[in-house]
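In what follows, a structure is listed as structure tokens, so that the remarks can point back to it.
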Amino acid sequence: MKVATTPASLASLKPQGCTNLKLRQLMRRVAQHYDAEVGKTGLKGTQYSLLSYVVKLGPIRPGDLAQAMKLDASTLTRNLKPMVAAGWLDLTPGSDGRSRLVIVTDAGREKRTEAQRRWRVAQEGINQLLGVEQVLALHALIDQSLENLSPLPDTDDE
């Protein structure tokens, strides 16, 4: 259904349904698409993302990695454990006795390269299924929504 999008027509529209539910449905469908391709390498989509972040930013402190990925620390820790066990990532001592760094291993780099090829197939598939214009519009809408929903800076320390 095509909806008119003039300013006057938008003023009379009201969202129907739950935005949270709609986004979760879309996320599940998109994740299934990527997981089907990236999964051919033995990685989950989330594991591919984690490897990619560490390759790009590492060696990196777990807290900084969690912040970069917009994850809480416990979620990152839960996701790191199987990656370390598989030998794709490692936790090494940091600059002092209390800190640690997440690094990618040679096996992790190889796994990421393999998964990156499958990720490209998945991305091209999404581009074909939705159309490049719709994907670009979706990215722009997501980016703007994330910016609008960003938490306010912490002002308690001032």
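Every chain in the structure tokens takes a letter, A first, then B, and so on in the order presented; its residues are numbered from 1, and the ligands are numbered from 1 following the presented order.
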
Can you pull out the residues contacting Ala107 (chain A)? Cut-off 10 Å, using only C-alpha atoms, and skip same-chain residues under 2 positions away; I want them as a count of residues only. 11

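The protein and nucleic acid residues lying at most 9 Å from region 24-41 of chain A are Tyr48, Lys111, Glu114, Ala115, Gln116, Arg117, Arg118, Trp119, Val121, Ala122, Gln123, Gly125 and Ile126 of chain A, with only C-alpha atoms considered and sequence neighbours fewer than 6 positions away removed.
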
For region 53-63 of chain A, list every protein, DNA or RNA residue within 9 Å, evaluated using only C-alpha atoms, and leave out those in the same chain fewer than 5 positions away; present the list as a PyMOL selection string. chain A and resi 48+68-69+72-73+76-77+89+91-92+94+99-104+108-109+112

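From CA of Leu149 (chain A) back to CA of Pro15 (chain A), the distance works out to 17.6 Å.
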
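Between CA of Met83 (chain A) and CA of Ala66 (chain A) the interatomic distance comes to 14.9 Å.
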
Run DSSP on the backbone and tell me which residues of chain A come out as strand (DSSP E or B); list them as a PyMOL selection string. chain A and resi 60+89-93+100-104

With N, CA, C and O atoms retained, write the just-selected residues as a compact mmCIF listing (two decimals), in the first residue's frame.
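What ended up in selection.txt:
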```
# COMPACT_ATOMS: atom_id res chain seq x y z
N ILE A 60 42.16 -4.21 22.04
CA ILE A 60 41.23 -3.26 22.65
C ILE A 60 40.76 -3.79 24.00
O ILE A 60 40.58 -5.00 24.16
N LEU A 89 39.69 -15.46 19.17
CA LEU A 89 40.07 -14.27 19.93
C LEU A 89 40.85 -14.72 21.15
O LEU A 89 40.76 -15.87 21.57
N ASP A 90 41.59 -13.78 21.72
CA ASP A 90 42.34 -14.09 22.93
C ASP A 90 42.26 -12.88 23.85
O ASP A 90 42.12 -11.74 23.38
N LEU A 91 42.33 -13.13 25.15
CA LEU A 91 42.41 -12.08 26.16
C LEU A 91 43.83 -12.08 26.69
O LEU A 91 44.29 -13.10 27.21
N THR A 92 44.53 -10.96 26.54
CA THR A 92 45.91 -10.86 26.98
C THR A 92 46.02 -9.78 28.05
O THR A 92 45.14 -8.92 28.15
N PRO A 93 47.10 -9.81 28.83
CA PRO A 93 47.29 -8.76 29.84
C PRO A 93 47.38 -7.39 29.18
O PRO A 93 47.95 -7.24 28.09
N ARG A 100 42.90 -6.02 30.74
CA ARG A 100 43.09 -7.04 29.71
C ARG A 100 42.80 -6.41 28.35
O ARG A 100 42.10 -5.40 28.26
N LEU A 101 43.30 -7.06 27.33
CA LEU A 101 43.05 -6.63 25.96
C LEU A 101 42.48 -7.80 25.17
O LEU A 101 42.90 -8.95 25.34
N VAL A 102 41.54 -7.50 24.30
CA VAL A 102 41.00 -8.49 23.37
C VAL A 102 41.80 -8.36 22.08
O VAL A 102 41.94 -7.26 21.53
N ILE A 103 42.34 -9.49 21.62
CA ILE A 103 43.08 -9.50 20.36
C ILE A 103 42.53 -10.61 19.47
O ILE A 103 41.96 -11.57 19.95
N VAL A 104 42.71 -10.44 18.18
CA VAL A 104 42.32 -11.48 17.24
C VAL A 104 43.53 -12.38 16.97
O VAL A 104 44.66 -11.89 16.90
```

Identify, with DSSP run on backbone atoms, the residues in chain A assigned to alpha helix (DSSP H), and express the list as a PyMOL selection string. chain A and resi 7-12+19-38+45-57+62-69+73-85+106-130+132-149

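The two atoms in question, CA of Ser52 (chain A) and CA of Asp143 (chain A), are spaced 19.8 Å apart.
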
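Closest approach to Ser49 (chain A) among A:Leu23, A:Leu136, A:Lys70, A:Glu124 is made by A:Lys70 (distances from only C-alpha atoms).
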